[in-house]
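These notes concern the structure reproduced below.
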Amino acid sequence: MSSPYLLGLRLDGRRVLVVGGGRVAQRRVPTLLDAGASITLVSPSVTPALDDLIADGAITWERRAYQVGDCDGAWLVQACTSDRAVNAAVAAEAEAKRVWCVRADDRDASAAWTPASGRVDEISVAVTAGGDPRRAAGIRDAVVDALRDGTVDARRNRTKPVGVALVGGGPGDPALITVRGRQLLAQADVVVADRLAPRALLDELAPDVELIDAAKIPYGRYLAQEKINELLVEHARRGRFVVRLKGGDPFVFGRGGEEMLACARAGIPVVVVPGVTSAVAVPAAEGVPVTHRGVSQEFHVISVHVAPDDPKSTVDWPGLARSPGTLVLLMAVERIAAIAHTLIREGRSPETPVMVVQDGTLPTQRALYADLTTVAERVIAAGTRPPAIVVVGDVVRVGQEIKMVRAERVP
């Protein structure tokens, strides 16, 4: 058998006939709809998923068996019934009218094959694998995954991204960056990276990518935010695609809004890729939910870059102390004594449980448990250092209960 000639069909507004309303048709119709095809479905019955599409007006349903003449005006035919004789008749009519037909039941008798297809941005992937659908799907998945995570280099293309992308890198584990974030990182000409961005991803950058270290080390080396804004605009104006890689989410204490404003004022296009925020992900990595039915139906995320009694603090500490919700404190380790003292003074129970997690989601992750009266001394004794997340509230007990139950069930 000769190798097939692969061709990308542009089906916008063109009639496609699908004969059969079972699971095969259910798989193929959505892809045809994505291609813009005008679909006529011929079948006495259809699956619930196809019925939904019919109810939405996405496809036209002829509620009957196949009849000679159904192929008239079709650009493509899919014979998807469970009856080989019907599929053969559909294929014969299509062949006589010089219309390409795919037989779902017989690859050797089929004039065309439906490839296992996938899409990543503007890149379409189609694999036939000699008509073996399972093998084709496996190869398709591997290629699509490689395009998504940047393993396959997609930087060299005619329409590369322009401007600046503000990408949230997640809480630390490089596997927790979003698919979209990894795609854009793989296409960058310049990467401006924070200290808390997933550093392992930087080792995967192509040798010609310029890496700019924008780390803000507490009480140490510091690149001013104004300078970072200038760098983003400068490189983008030179026609280079710039990725601003941050830890967590760009808009959760990440100054993403300031950077977006700077680019907007300079006329630089910006795309924002949200990230998994450490405020939720790090407690979860330690098995502590920030909300739990019957325990806490609210949680507050607070940046404690200044102490509660500092005139520059805008946090309503008395209100937080009165709240029954969970408190998730960022940048709080070095001010934990003042925080605990303030919460107790303003009305929180001294016995409120506290968890402090250092290096959340990384192999070096470690946690300590205390209450408001003991947390400061325990943090000092353990030598806990930033980056760390502090969780205050009864959900900490829920996490401890989960740990105990799991330990009891492990043989």
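Chain labels run A, B, ... following the order of the structure tokens; each chain numbers its residues from 1, and ligands are numbered from 1 in the order shown.
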
- Item | Spatial neighbours of stretch 322-332 of chain A, max dist 6 Å, only C-alpha atoms, sep filter under 4 positions, as a PyMOL selection string | chain A and resi 296+298-305+336+389-393

Okay, now the selection with N, CA and C atoms, as an mmCIF file, in the first residue's frame?
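That gives us out.cif:
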```
data_model
loop_
_atom_site.group_PDB
_atom_site.id
_atom_site.type_symbol
_atom_site.label_atom_id
_atom_site.label_comp_id
_atom_site.auth_asym_id
_atom_site.auth_seq_id
_atom_site.Cartn_x
_atom_site.Cartn_y
_atom_site.Cartn_z
ATOM 1 N N SER A 296 -13.771 26.616 57.944
ATOM 2 C CA SER A 296 -13.443 27.958 57.441
ATOM 3 C C SER A 296 -14.027 28.126 56.056
ATOM 4 N N GLU A 298 -13.702 31.135 54.491
ATOM 5 C CA GLU A 298 -13.011 32.285 53.921
ATOM 6 C C GLU A 298 -11.524 32.175 54.238
ATOM 7 N N PHE A 299 -10.714 32.771 53.370
ATOM 8 C CA PHE A 299 -9.291 32.869 53.694
ATOM 9 C C PHE A 299 -8.758 34.205 53.199
ATOM 10 N N HIS A 300 -7.777 34.708 53.904
ATOM 11 C CA HIS A 300 -7.193 36.011 53.624
ATOM 12 C C HIS A 300 -5.716 35.825 53.316
ATOM 13 N N VAL A 301 -5.253 36.430 52.248
ATOM 14 C CA VAL A 301 -3.843 36.371 51.868
ATOM 15 C C VAL A 301 -3.228 37.733 52.155
ATOM 16 N N ILE A 302 -2.196 37.744 53.006
ATOM 17 C CA ILE A 302 -1.625 39.011 53.469
ATOM 18 C C ILE A 302 -0.128 39.038 53.207
ATOM 19 N N SER A 303 0.339 40.136 52.631
ATOM 20 C CA SER A 303 1.772 40.364 52.498
ATOM 21 C C SER A 303 2.261 41.102 53.743
ATOM 22 N N VAL A 304 3.208 40.490 54.459
ATOM 23 C CA VAL A 304 3.712 41.095 55.690
ATOM 24 C C VAL A 304 5.143 41.581 55.454
ATOM 25 N N HIS A 305 5.329 42.370 54.402
ATOM 26 C CA HIS A 305 6.668 42.893 54.136
ATOM 27 C C HIS A 305 7.047 43.995 55.107
ATOM 28 N N ILE A 336 7.349 37.123 62.536
ATOM 29 C CA ILE A 336 6.330 36.239 63.100
ATOM 30 C C ILE A 336 6.015 36.553 64.556
ATOM 31 N N ILE A 389 5.697 30.075 53.887
ATOM 32 C CA ILE A 389 4.287 30.454 53.988
ATOM 33 C C ILE A 389 3.818 30.142 55.403
ATOM 34 N N VAL A 390 3.100 31.089 56.009
ATOM 35 C CA VAL A 390 2.552 30.887 57.352
ATOM 36 C C VAL A 390 1.033 30.779 57.231
ATOM 37 N N VAL A 391 0.469 29.729 57.816
ATOM 38 C CA VAL A 391 -0.981 29.525 57.808
ATOM 39 C C VAL A 391 -1.470 29.573 59.247
ATOM 40 N N VAL A 392 -2.449 30.438 59.490
ATOM 41 C CA VAL A 392 -3.014 30.594 60.826
ATOM 42 C C VAL A 392 -4.496 30.243 60.759
ATOM 43 N N GLY A 393 -4.937 29.289 61.586
ATOM 44 C CA GLY A 393 -6.358 28.947 61.601
ATOM 45 C C GLY A 393 -6.602 27.483 61.860
#
```

- Query: Running DSSP on the backbone, which parts of stretch 285-340 of chain A land in strand (DSSP E or B), as a ChimeraX atom specification?
  - Reply: /A:292,296,299-303,326-330

Selected residues, N, CA, C and O atoms, written as a PDB file, in the first residue's frame, please.
```pdb
ATOM      1  N   HIS A 292     -12.327  24.701  54.513  1.00  0.00           N
ATOM      2  CA  HIS A 292     -12.821  23.352  54.808  1.00  0.00           C
ATOM      3  C   HIS A 292     -14.236  23.493  55.351  1.00  0.00           C
ATOM      4  O   HIS A 292     -14.492  24.330  56.223  1.00  0.00           O
ATOM      5  N   SER A 296     -13.771  26.616  57.944  1.00  0.00           N
ATOM      6  CA  SER A 296     -13.443  27.958  57.441  1.00  0.00           C
ATOM      7  C   SER A 296     -14.027  28.126  56.056  1.00  0.00           C
ATOM      8  O   SER A 296     -13.731  27.333  55.157  1.00  0.00           O
ATOM      9  N   PHE A 299     -10.714  32.771  53.370  1.00  0.00           N
ATOM     10  CA  PHE A 299      -9.291  32.869  53.694  1.00  0.00           C
ATOM     11  C   PHE A 299      -8.758  34.205  53.199  1.00  0.00           C
ATOM     12  O   PHE A 299      -9.251  34.770  52.224  1.00  0.00           O
ATOM     13  N   HIS A 300      -7.777  34.708  53.904  1.00  0.00           N
ATOM     14  CA  HIS A 300      -7.193  36.011  53.624  1.00  0.00           C
ATOM     15  C   HIS A 300      -5.716  35.825  53.316  1.00  0.00           C
ATOM     16  O   HIS A 300      -5.005  35.119  54.054  1.00  0.00           O
ATOM     17  N   VAL A 301      -5.253  36.430  52.248  1.00  0.00           N
ATOM     18  CA  VAL A 301      -3.843  36.371  51.868  1.00  0.00           C
ATOM     19  C   VAL A 301      -3.228  37.733  52.155  1.00  0.00           C
ATOM     20  O   VAL A 301      -3.684  38.749  51.619  1.00  0.00           O
ATOM     21  N   ILE A 302      -2.196  37.744  53.006  1.00  0.00           N
ATOM     22  CA  ILE A 302      -1.625  39.011  53.469  1.00  0.00           C
ATOM     23  C   ILE A 302      -0.128  39.038  53.207  1.00  0.00           C
ATOM     24  O   ILE A 302       0.580  38.074  53.509  1.00  0.00           O
ATOM     25  N   SER A 303       0.339  40.136  52.631  1.00  0.00           N
ATOM     26  CA  SER A 303       1.772  40.364  52.498  1.00  0.00           C
ATOM     27  C   SER A 303       2.261  41.102  53.743  1.00  0.00           C
ATOM     28  O   SER A 303       1.781  42.196  54.049  1.00  0.00           O
ATOM     29  N   THR A 326      -9.234  31.612  57.616  1.00  0.00           N
ATOM     30  CA  THR A 326      -7.822  31.239  57.548  1.00  0.00           C
ATOM     31  C   THR A 326      -6.993  32.442  57.132  1.00  0.00           C
ATOM     32  O   THR A 326      -7.387  33.196  56.241  1.00  0.00           O
ATOM     33  N   LEU A 327      -5.837  32.610  57.766  1.00  0.00           N
ATOM     34  CA  LEU A 327      -4.893  33.647  57.368  1.00  0.00           C
ATOM     35  C   LEU A 327      -3.700  32.974  56.700  1.00  0.00           C
ATOM     36  O   LEU A 327      -3.092  32.062  57.264  1.00  0.00           O
ATOM     37  N   VAL A 328      -3.380  33.411  55.501  1.00  0.00           N
ATOM     38  CA  VAL A 328      -2.191  32.934  54.794  1.00  0.00           C
ATOM     39  C   VAL A 328      -1.253  34.126  54.683  1.00  0.00           C
ATOM     40  O   VAL A 328      -1.562  35.119  54.016  1.00  0.00           O
ATOM     41  N   LEU A 329      -0.109  34.014  55.349  1.00  0.00           N
ATOM     42  CA  LEU A 329       0.809  35.142  55.459  1.00  0.00           C
ATOM     43  C   LEU A 329       2.055  34.905  54.607  1.00  0.00           C
ATOM     44  O   LEU A 329       2.720  33.870  54.744  1.00  0.00           O
ATOM     45  N   LEU A 330       2.350  35.858  53.733  1.00  0.00           N
ATOM     46  CA  LEU A 330       3.548  35.798  52.903  1.00  0.00           C
ATOM     47  C   LEU A 330       4.573  36.785  53.443  1.00  0.00           C
ATOM     48  O   LEU A 330       4.219  37.840  53.983  1.00  0.00           O
TER      49      LEU A 330
END
```

- Contacts of A:Val16 at 9 Å or less, counting only C-alpha atoms, minus same-chain residues fewer than 4 places along, as a PyMOL selection string? chain A and resi 11+32+37-41+71+73-78

- Would you mind reading off the distance between atom CA of A:Gly239 and atom CA of A:Gly163, one decimal, in Å? 7.5 Å

- Could you pull the residues within 10 Å of A:Arg63, counting only C-alpha atoms, minus those fewer than 4 positions along the same chain, as a ChimeraX atom specification? /A:21,41-46

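The space between atom CA of A:Pro48 and atom CA of A:Ala111 spans 29.3 Å.
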
- Near A:Leu205, within 9 Å and counting only C-alpha atoms, which residues show up once chain neighbours fewer than 4 positions away are dropped, as a PyMOL selection string? chain A and resi 185-186+188+201+209+211

Selection export as a compact mmCIF listing (two decimals), in the first residue's frame, atoms kept: N, CA and C atoms:
```txt
# COMPACT_ATOMS: atom_id res chain seq x y z
N LEU A 185 7.63 30.51 27.40
CA LEU A 185 9.02 30.51 27.85
C LEU A 185 9.93 29.88 26.79
N ALA A 186 9.42 28.86 26.12
CA ALA A 186 10.20 28.19 25.08
C ALA A 186 10.41 29.07 23.85
N ALA A 188 10.86 32.50 24.06
CA ALA A 188 11.40 33.79 24.49
C ALA A 188 12.75 34.09 23.84
N LEU A 201 13.69 25.61 35.27
CA LEU A 201 13.24 25.87 33.90
C LEU A 201 14.24 26.70 33.12
N VAL A 209 19.19 32.59 24.25
CA VAL A 209 18.22 33.38 25.02
C VAL A 209 18.97 34.20 26.07
N LEU A 211 19.28 35.91 29.49
CA LEU A 211 18.68 35.76 30.81
C LEU A 211 19.09 36.94 31.69
```

- Query: Could you work out how far atom CA of A:Asp316 lies from atom CA of A:Ala337, giving the answer in Å with one decimal?
  - Reply: 17.4 Å

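The neighbours of A:Ile380 here are the residues that come within 12 Å of it, using only C-alpha atoms and leaving out any residue fewer than 4 positions away in the same chain; they are Val333, Glu334, Arg335, Ile336, Ala337, Val356, Leu368, Thr374, Val375, Ala376, Thr384 and Arg385 of chain A.
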
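Neighbouring residues of A:Gly287 at 9 Å or closer, counting only C-alpha atoms and skipping chain neighbours under 5 positions away, are A:Val282, A:Val396, A:Val398, A:Gly399, A:Gln400, A:Ile402, A:Lys403.
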
For the residues in that selection, give me N, CA and C atoms as a PDB file, in the first residue's frame.
```pdb
ATOM      1  N   VAL A 282       1.136  25.975  48.417  1.00  0.00           N
ATOM      2  CA  VAL A 282       2.068  25.490  49.441  1.00  0.00           C
ATOM      3  C   VAL A 282       1.334  24.833  50.613  1.00  0.00           C
ATOM      4  N   VAL A 396      -5.405  24.149  59.976  1.00  0.00           N
ATOM      5  CA  VAL A 396      -4.145  23.455  60.264  1.00  0.00           C
ATOM      6  C   VAL A 396      -4.439  22.133  60.966  1.00  0.00           C
ATOM      7  N   VAL A 398      -7.112  20.378  60.550  1.00  0.00           N
ATOM      8  CA  VAL A 398      -7.648  19.487  59.513  1.00  0.00           C
ATOM      9  C   VAL A 398      -6.495  18.787  58.791  1.00  0.00           C
ATOM     10  N   GLY A 399      -5.467  19.549  58.452  1.00  0.00           N
ATOM     11  CA  GLY A 399      -4.301  18.961  57.798  1.00  0.00           C
ATOM     12  C   GLY A 399      -3.621  17.921  58.658  1.00  0.00           C
ATOM     13  N   GLN A 400      -3.537  18.173  59.967  1.00  0.00           N
ATOM     14  CA  GLN A 400      -2.920  17.198  60.867  1.00  0.00           C
ATOM     15  C   GLN A 400      -3.769  15.936  60.965  1.00  0.00           C
ATOM     16  N   ILE A 402      -5.677  14.782  58.574  1.00  0.00           N
ATOM     17  CA  ILE A 402      -5.452  14.066  57.318  1.00  0.00           C
ATOM     18  C   ILE A 402      -4.165  13.242  57.398  1.00  0.00           C
ATOM     19  N   LYS A 403      -3.117  13.848  57.944  1.00  0.00           N
ATOM     20  CA  LYS A 403      -1.840  13.139  58.077  1.00  0.00           C
ATOM     21  C   LYS A 403      -1.980  11.898  58.957  1.00  0.00           C
TER      22      LYS A 403
END
```

- Item | Which of A:Ala49, A:Ser117, A:Val144, A:Arg366 sits closest to A:Gln183 [using only C-alpha atoms] |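 Closest candidate: A:Val144.
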
- Task: Between A:Leu245, A:Val280, A:Ala35, A:His235, single out the one closest to A:Arg199, counting only C-alpha atoms.
- Result: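 Using only C-alpha atoms, the shortest distance to A:Arg199 belongs to A:Leu245.
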